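**Q** Hey, dropping final31.pdb in here, PDB, C-alpha atoms, pLDDT in the B column:
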```pdb
MODEL        1
ATOM      1  CA  MET A  47     102.863  91.591 111.074  1.00 49.00           C
ATOM      2  CA  ALA A  48     101.869  90.050 107.727  1.00 58.00           C
ATOM      3  CA  THR A  49      98.358  90.447 106.383  1.00 79.00           C
ATOM      4  CA  LEU A  50      96.382  87.246 105.855  1.00 91.00           C
ATOM      5  CA  ASN A  51      96.176  86.319 102.193  1.00 95.00           C
ATOM      6  CA  PHE A  52      93.171  84.720 100.492  1.00 96.00           C
ATOM      7  CA  ILE A  53      94.366  81.161 101.219  1.00 96.00           C
ATOM      8  CA  GLY A  54      94.982  82.058 104.869  1.00 96.00           C
ATOM      9  CA  ARG A  55      91.473  83.423 105.256  1.00 97.00           C
ATOM     10  CA  VAL A  56      89.960  80.339 103.610  1.00 98.00           C
ATOM     11  CA  ASN A  57      92.049  78.194 105.981  1.00 97.00           C
ATOM     12  CA  ILE A  58      90.381  79.961 108.903  1.00 98.00           C
ATOM     13  CA  ALA A  59      86.940  79.249 107.410  1.00 98.00           C
ATOM     14  CA  VAL A  60      87.859  75.577 106.891  1.00 98.00           C
ATOM     15  CA  ARG A  61      88.995  75.259 110.509  1.00 98.00           C
ATOM     16  CA  LEU A  62      85.850  76.928 111.878  1.00 98.00           C
ATOM     17  CA  VAL A  63      83.464  74.832 109.806  1.00 98.00           C
ATOM     18  CA  ARG A  64      85.295  71.581 110.599  1.00 97.00           C
ATOM     19  CA  GLU A  65      85.055  72.356 114.317  1.00 97.00           C
ATOM     20  CA  GLN A  66      81.287  72.047 113.937  1.00 95.00           C
ATOM     21  CA  TYR A  67      81.161  69.598 110.986  1.00 95.00           C
ATOM     22  CA  PRO A  68      84.346  67.472 111.171  1.00 95.00           C
ATOM     23  CA  ASN A  69      83.711  65.736 107.839  1.00 93.00           C
ATOM     24  CA  ALA A  70      83.039  68.965 105.898  1.00 96.00           C
ATOM     25  CA  GLU A  71      84.710  69.153 102.487  1.00 96.00           C
ATOM     26  CA  LEU A  72      85.494  72.424 100.716  1.00 98.00           C
ATOM     27  CA  TYR A  73      83.470  73.119  97.575  1.00 97.00           C
ATOM     28  CA  GLU A  74      84.267  76.753  96.865  1.00 97.00           C
ATOM     29  CA  ALA A  75      85.406  80.049  98.297  1.00 98.00           C
ATOM     30  CA  GLN A  76      84.082  83.218  96.702  1.00 98.00           C
ATOM     31  CA  GLY A  77      85.529  86.642  97.348  1.00 98.00           C
ATOM     32  CA  TYR A  78      84.085  90.091  96.664  1.00 96.00           C
ATOM     33  CA  PRO A  79      85.541  93.585  96.881  1.00 97.00           C
ATOM     34  CA  SER A  80      83.180  95.675  99.039  1.00 96.00           C
ATOM     35  CA  LYS A  81      84.326  98.893  97.312  1.00 95.00           C
ATOM     36  CA  GLY A  82      83.374  97.669  93.811  1.00 96.00           C
ATOM     37  CA  ALA A  83      85.174  95.976  90.931  1.00 96.00           C
ATOM     38  CA  THR A  84      88.954  95.704  91.298  1.00 96.00           C
ATOM     39  CA  SER A  85      92.080  94.177  89.806  1.00 95.00           C
ATOM     40  CA  SER A  86      93.765  93.757  93.202  1.00 95.00           C
ATOM     41  CA  ALA A  87      93.730  90.623  95.355  1.00 95.00           C
ATOM     42  CA  GLY A  88      94.177  92.846  98.405  1.00 94.00           C
ATOM     43  CA  GLU A  89      90.763  94.445  97.862  1.00 96.00           C
ATOM     44  CA  ILE A  90      88.901  91.133  98.132  1.00 97.00           C
ATOM     45  CA  ASP A  91      87.616  91.674 101.645  1.00 96.00           C
ATOM     46  CA  LYS A  92      84.351  89.684 101.714  1.00 97.00           C
ATOM     47  CA  LEU A  93      84.334  85.887 101.608  1.00 98.00           C
ATOM     48  CA  ARG A  94      81.678  83.217 101.377  1.00 98.00           C
ATOM     49  CA  VAL A  95      82.970  79.657 101.754  1.00 98.00           C
ATOM     50  CA  VAL A  96      80.834  76.622 100.879  1.00 98.00           C
ATOM     51  CA  PHE A  97      81.249  73.041 102.118  1.00 98.00           C
ATOM     52  CA  ASN A  98      79.773  69.635 101.420  1.00 96.00           C
ATOM     53  CA  VAL A  99      78.604  68.030 104.666  1.00 96.00           C
ATOM     54  CA  ASP A 100      77.867  64.324 104.879  1.00 90.00           C
ATOM     55  CA  ASN A 101      74.922  64.268 107.243  1.00 80.00           C
ATOM     56  CA  GLY A 102      74.524  60.493 107.259  1.00 79.00           C
ATOM     57  CA  THR A 103      71.524  60.502 104.930  1.00 78.00           C
ATOM     58  CA  GLU A 104      71.201  59.687 101.254  1.00 79.00           C
ATOM     59  CA  MET A 105      71.595  63.349 100.305  1.00 81.00           C
ATOM     60  CA  ASN A 106      74.403  65.485 101.760  1.00 91.00           C
ATOM     61  CA  GLY A 107      73.860  68.966 103.126  1.00 95.00           C
ATOM     62  CA  THR A 108      75.765  72.209 102.763  1.00 97.00           C
ATOM     63  CA  ALA A 109      77.556  74.445 105.268  1.00 97.00           C
ATOM     64  CA  ILE A 110      78.162  78.070 104.350  1.00 98.00           C
ATOM     65  CA  ILE A 111      80.278  80.511 106.318  1.00 98.00           C
ATOM     66  CA  GLU A 112      80.702  84.226 105.550  1.00 98.00           C
ATOM     67  CA  SER A 113      83.336  86.669 106.632  1.00 98.00           C
ATOM     68  CA  THR A 114      82.505  89.434 109.073  1.00 98.00           C
ATOM     69  CA  GLY A 115      85.933  91.085 108.839  1.00 95.00           C
ATOM     70  CA  TRP A 116      89.434  90.349 107.544  1.00 94.00           C
ATOM     71  CA  GLY A 117      90.044  86.777 108.747  1.00 94.00           C
ATOM     72  CA  GLU A 118      86.914  86.821 110.908  1.00 97.00           C
ATOM     73  CA  PHE A 119      83.764  84.793 110.240  1.00 98.00           C
ATOM     74  CA  GLY A 120      80.262  84.393 111.544  1.00 98.00           C
ATOM     75  CA  ALA A 121      78.814  81.049 112.540  1.00 98.00           C
ATOM     76  CA  PRO A 122      78.423  78.433 109.806  1.00 98.00           C
ATOM     77  CA  GLU A 123      74.921  78.072 108.393  1.00 97.00           C
ATOM     78  CA  TYR A 124      73.725  74.546 107.609  1.00 96.00           C
ATOM     79  CA  VAL A 125      71.411  73.961 104.652  1.00 94.00           C
ATOM     80  CA  THR A 126      69.774  70.560 104.212  1.00 92.00           C
ATOM     81  CA  GLU A 127      70.044  70.665 100.402  1.00 91.00           C
ATOM     82  CA  PRO A 128      73.252  69.667  98.604  1.00 91.00           C
ATOM     83  CA  TRP A 129      75.384  72.218  96.761  1.00 92.00           C
ATOM     84  CA  LEU A 130      75.505  71.391  93.064  1.00 90.00           C
ATOM     85  CA  GLU A 131      77.960  71.888  90.180  1.00 87.00           C
ATOM     86  CA  ASP A 132      81.180  71.674  92.226  1.00 91.00           C
ATOM     87  CA  CYS A 133      83.552  68.864  93.095  1.00 91.00           C
ATOM     88  CA  VAL A 134      85.395  68.714  96.407  1.00 93.00           C
ATOM     89  CA  ILE A 135      88.643  70.732  96.393  1.00 95.00           C
ATOM     90  CA  ASP A 136      91.704  68.894  97.647  1.00 92.00           C
ATOM     91  CA  TRP A 137      92.624  71.556 100.205  1.00 93.00           C
ATOM     92  CA  PRO A 138      94.908  73.335 100.630  1.00 92.00           C
ATOM     93  CA  ILE A 139      96.018  74.467  97.200  1.00 94.00           C
ATOM     94  CA  GLU A 140      99.350  76.172  96.606  1.00 93.00           C
ATOM     95  CA  MET A 141      98.398  79.067  94.343  1.00 96.00           C
ATOM     96  CA  ASP A 142      97.161  82.141  96.170  1.00 96.00           C
ATOM     97  CA  LEU A 143      94.859  84.769  94.708  1.00 97.00           C
ATOM     98  CA  GLU A 144      97.728  87.269  94.345  1.00 97.00           C
ATOM     99  CA  GLU A 145      99.532  84.895  91.952  1.00 97.00           C
ATOM    100  CA  ALA A 146      96.320  84.232  89.982  1.00 98.00           C
ATOM    101  CA  CYS A 147      95.810  88.004  89.586  1.00 97.00           C
ATOM    102  CA  LYS A 148      99.353  88.365  88.247  1.00 97.00           C
ATOM    103  CA  LEU A 149      98.766  85.547  85.768  1.00 98.00           C
ATOM    104  CA  ILE A 150      95.650  87.145  84.274  1.00 97.00           C
ATOM    105  CA  GLN A 151      97.441  90.493  83.991  1.00 96.00           C
ATOM    106  CA  GLN A 152     100.436  88.811  82.309  1.00 96.00           C
ATOM    107  CA  ALA A 153      97.988  87.180  79.881  1.00 96.00           C
ATOM    108  CA  GLY A 154      96.835  90.678  78.866  1.00 95.00           C
ATOM    109  CA  TYR A 155      93.609  90.955  80.860  1.00 94.00           C
ATOM    110  CA  THR A 156      93.597  94.235  82.726  1.00 91.00           C
ATOM    111  CA  GLN A 157      89.849  94.595  83.351  1.00 93.00           C
ATOM    112  CA  ASN A 158      88.580  94.825  86.904  1.00 97.00           C
ATOM    113  CA  PHE A 159      86.691  91.843  88.271  1.00 97.00           C
ATOM    114  CA  MET A 160      83.506  91.858  90.353  1.00 97.00           C
ATOM    115  CA  ALA A 161      84.167  88.596  92.188  1.00 98.00           C
ATOM    116  CA  VAL A 162      86.568  85.669  92.231  1.00 98.00           C
ATOM    117  CA  THR A 163      85.824  82.071  93.149  1.00 97.00           C
ATOM    118  CA  ILE A 164      88.197  79.211  93.824  1.00 97.00           C
ATOM    119  CA  ARG A 165      86.353  76.068  92.775  1.00 94.00           C
ATOM    120  CA  TYR A 166      86.737  72.695  91.154  1.00 91.00           C
ATOM    121  CA  PRO A 167      83.943  72.929  88.595  1.00 84.00           C
ATOM    122  CA  LEU A 168      82.092  69.755  87.750  1.00 82.00           C
ATOM    123  CA  TYR A 169      81.804  70.725  84.084  1.00 73.00           C
ATOM    124  CA  LYS A 170      85.581  71.047  83.564  1.00 58.00           C
ATOM    125  CA  ARG A 171      86.142  67.352  84.398  1.00 62.00           C
ATOM    126  CA  SER A 172      89.634  68.176  85.556  1.00 68.00           C
ATOM    127  CA  GLU A 173      91.466  67.106  88.655  1.00 76.00           C
ATOM    128  CA  ARG A 174      92.085  70.475  90.237  1.00 85.00           C
ATOM    129  CA  ALA A 175      90.677  73.772  91.306  1.00 93.00           C
ATOM    130  CA  TYR A 176      90.477  76.968  89.265  1.00 95.00           C
ATOM    131  CA  TYR A 177      90.240  80.611  90.172  1.00 97.00           C
ATOM    132  CA  THR A 178      87.287  82.023  88.253  1.00 96.00           C
ATOM    133  CA  PHE A 179      87.308  85.795  87.851  1.00 97.00           C
ATOM    134  CA  ASP A 180      83.937  87.379  87.015  1.00 97.00           C
ATOM    135  CA  LEU A 181      84.633  90.268  84.634  1.00 95.00           C
ATOM    136  CA  SER A 182      80.932  90.625  83.833  1.00 91.00           C
ATOM    137  CA  LYS A 183      77.807  88.530  84.062  1.00 88.00           C
ATOM    138  CA  TYR A 184      78.813  86.737  80.863  1.00 91.00           C
ATOM    139  CA  LEU A 185      82.621  86.896  80.785  1.00 92.00           C
ATOM    140  CA  HIS A 186      84.896  84.921  83.098  1.00 95.00           C
ATOM    141  CA  LEU A 187      88.613  84.206  83.267  1.00 96.00           C
ATOM    142  CA  LEU A 188      89.745  80.843  84.603  1.00 95.00           C
ATOM    143  CA  VAL A 189      93.203  80.300  86.070  1.00 96.00           C
ATOM    144  CA  ASP A 190      94.312  76.690  86.422  1.00 95.00           C
ATOM    145  CA  THR A 191      95.962  76.376  89.851  1.00 95.00           C
ATOM    146  CA  VAL A 192      98.387  73.706  88.634  1.00 93.00           C
ATOM    147  CA  THR A 193      99.326  74.608  85.046  1.00 94.00           C
ATOM    148  CA  ASN A 194      98.893  78.405  85.450  1.00 96.00           C
ATOM    149  CA  ASP A 195      96.906  78.455  82.181  1.00 95.00           C
ATOM    150  CA  VAL A 196      94.509  81.374  81.743  1.00 96.00           C
ATOM    151  CA  THR A 197      91.387  80.767  79.653  1.00 93.00           C
ATOM    152  CA  VAL A 198      88.276  82.776  78.810  1.00 93.00           C
ATOM    153  CA  ARG A 199      84.768  81.441  79.342  1.00 87.00           C
ATOM    154  CA  LYS A 200      81.779  83.277  77.950  1.00 82.00           C
TER     155      LYS A 200
ENDMDL
END
```
Take the structure I supplied and represent it as structure tokens, if you would.
**A**
Amino acid sequence: MATLNFIGRVNIAVRLVREQYPNAELYEAQGYPSKGATSSAGEIDKLRVVFNVDNGTEMNGTAIIESTGWGEFGAPEYVTEPWLEDCVIDWPIEMDLEEACKLIQQAGYTQNFMAVTIRYPLYKRSERAYYTFDLSKYLHLLVDTVTNDVTVRK
């Protein structure tokens, strides 16, 4: 039996949130290794997935769901405030976390990362999502999910 990859686990979160909030749109999915910094996609075992929810008012709300196990999630939490600094991700994307990890290693970055987030950042003004690897509080690697480009952001 195959192990669920990062995209598969986010798909589960999307399905669960949309069961409760049918118009929910994915903003970001952040993964953490519970055992500490890593360079392996397979060690990202904790997920927090954030959604934009149109609640019929002038200001949208936010739904957040967190993993409780590999491919298992608690109930979505609704927050009345909007989530800022992200654009909606056209889900699903094709690039999985394993491929993004390989790309940063091929680009010469072998440091462990503390967290990784798939997001479509508002500030990039692009038309796609990026994997953002947090190497430290001030150093991040971005992997473009379409062009495969790896860039550094400080």
**Q** Give as a list in words the residues that the PyMOL selection byres ((chain A and resi 140) around 9) matches when applied to the coordinates above.
**A**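 Applied to this file, the PyMOL selection byres ((chain A and resi 140) around 9) selects Ile53, Trp137, Pro138, Ile139, Met141, Asp142, Thr191 and Val192 of chain A.
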**Q** Counting all atoms listed in the file, what is within 7 Å of stretch 174-183 of chain A, bar same-chain residues fewer than 3 positions away, as a list in words?
**A** Ile135, Gln157, Asn158, Phe159, Met160, Ala161, Val162, Thr163, Ile164, Arg165, Tyr166, His186, Leu187, Leu188, Val189, Asp190 and Thr191 of chain A
**Q** Taking into account only C-alpha atoms, which residue in the set A:Ala83, A:Leu149, A:Leu72, A:Val99 is nearest to A:Val56?
**A**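 Closest candidate: A:Leu72.
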**Q** With distances taken over only C-alpha atoms, which of A:Ser80, A:Ser85, A:Asn101, A:Asn51 is nearest to A:Pro68?
**A**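 Closest to A:Pro68 of all the choices is A:Asn101.
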**Q** Taking only C-alpha atoms into account, name the residue in A:Leu50, A:Leu143, A:Cys133, A:Val96 that is nearest to A:Trp116.
**A**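 Looking at the shortest contact to A:Trp116, the residue is A:Leu50.
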**Q** So, with all atoms listed in the file as the atoms that count, which of A:Thr126, A:Gly77, A:Glu144, A:Ile58 lies closest to A:Thr108?
**A** A:Thr126
**Q** With distances taken over all atoms listed in the file, which residue among A:Ser86, A:Asn57, A:Gln152, A:Asn98 lies nearest A:Tyr73?
**A** A:Asn98
**Q** In Å, how far is it from atom CA of A:Gly102 to atom CA of A:Pro122?
**A**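 Straight-line distance from atom CA of A:Gly102 to atom CA of A:Pro122 works out to 18.5 Å.
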**Q** Hey, can you check how far atom CA of A:Val95 sits from atom CA of A:Val196?
**A** 23.2 Å
**Q** Which residues fall under the PyMOL selection byres ((chain A and resi 114) around 12) in this file, as an MDAnalysis selection string?
**A** chainID A and resid 55 59 80 91:94 111:113 115:122
**Q** Of the candidates A:Pro128, A:Gly82, A:Leu168, A:Gly154, which one gets nearest to A:Glu104 if we count all atoms listed in the file?
**A**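 Comparing A:Pro128, A:Gly82, A:Leu168, A:Gly154 against A:Glu104, the winner is A:Pro128.
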**Q** With the file shown as input, list the residues that the PyMOL selection byres ((chain A and resi 123) around 6) selects, as a list in words.
**A**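 Evaluating the PyMOL selection byres ((chain A and resi 123) around 6) on this file yields Ala109, Ile110, Pro122 and Tyr124 of chain A.
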**Q** Could the residues in this selection be saved with C-alpha atoms as a CSV table (one decimal), keeping the file's coordinate frame?
**A**
```csv
chain,number,residue,atom,x,y,z
A,109,ALA,CA,77.6,74.4,105.3
A,110,ILE,CA,78.2,78.1,104.4
A,122,PRO,CA,78.4,78.4,109.8
A,124,TYR,CA,73.7,74.5,107.6
```
**Q** One number please: atom CA of A:Glu131 to atom CA of A:Phe97, in Å, one decimal.
**A**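 Interatomic distance here is 12.4 Å.
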**Q** Please write out, as lines of an AutoDock Vina configuration file, where the centre of an axis-aligned box around all listed atoms of stretch 63-69 of chain A lies and how long its edges are, in Å to one decimal, after adding 4 Å on each side.
**A**
```
center_x = 83.2
center_y = 70.3
center_z = 111.1
size_x = 12.1
size_y = 17.1
size_z = 14.5
```
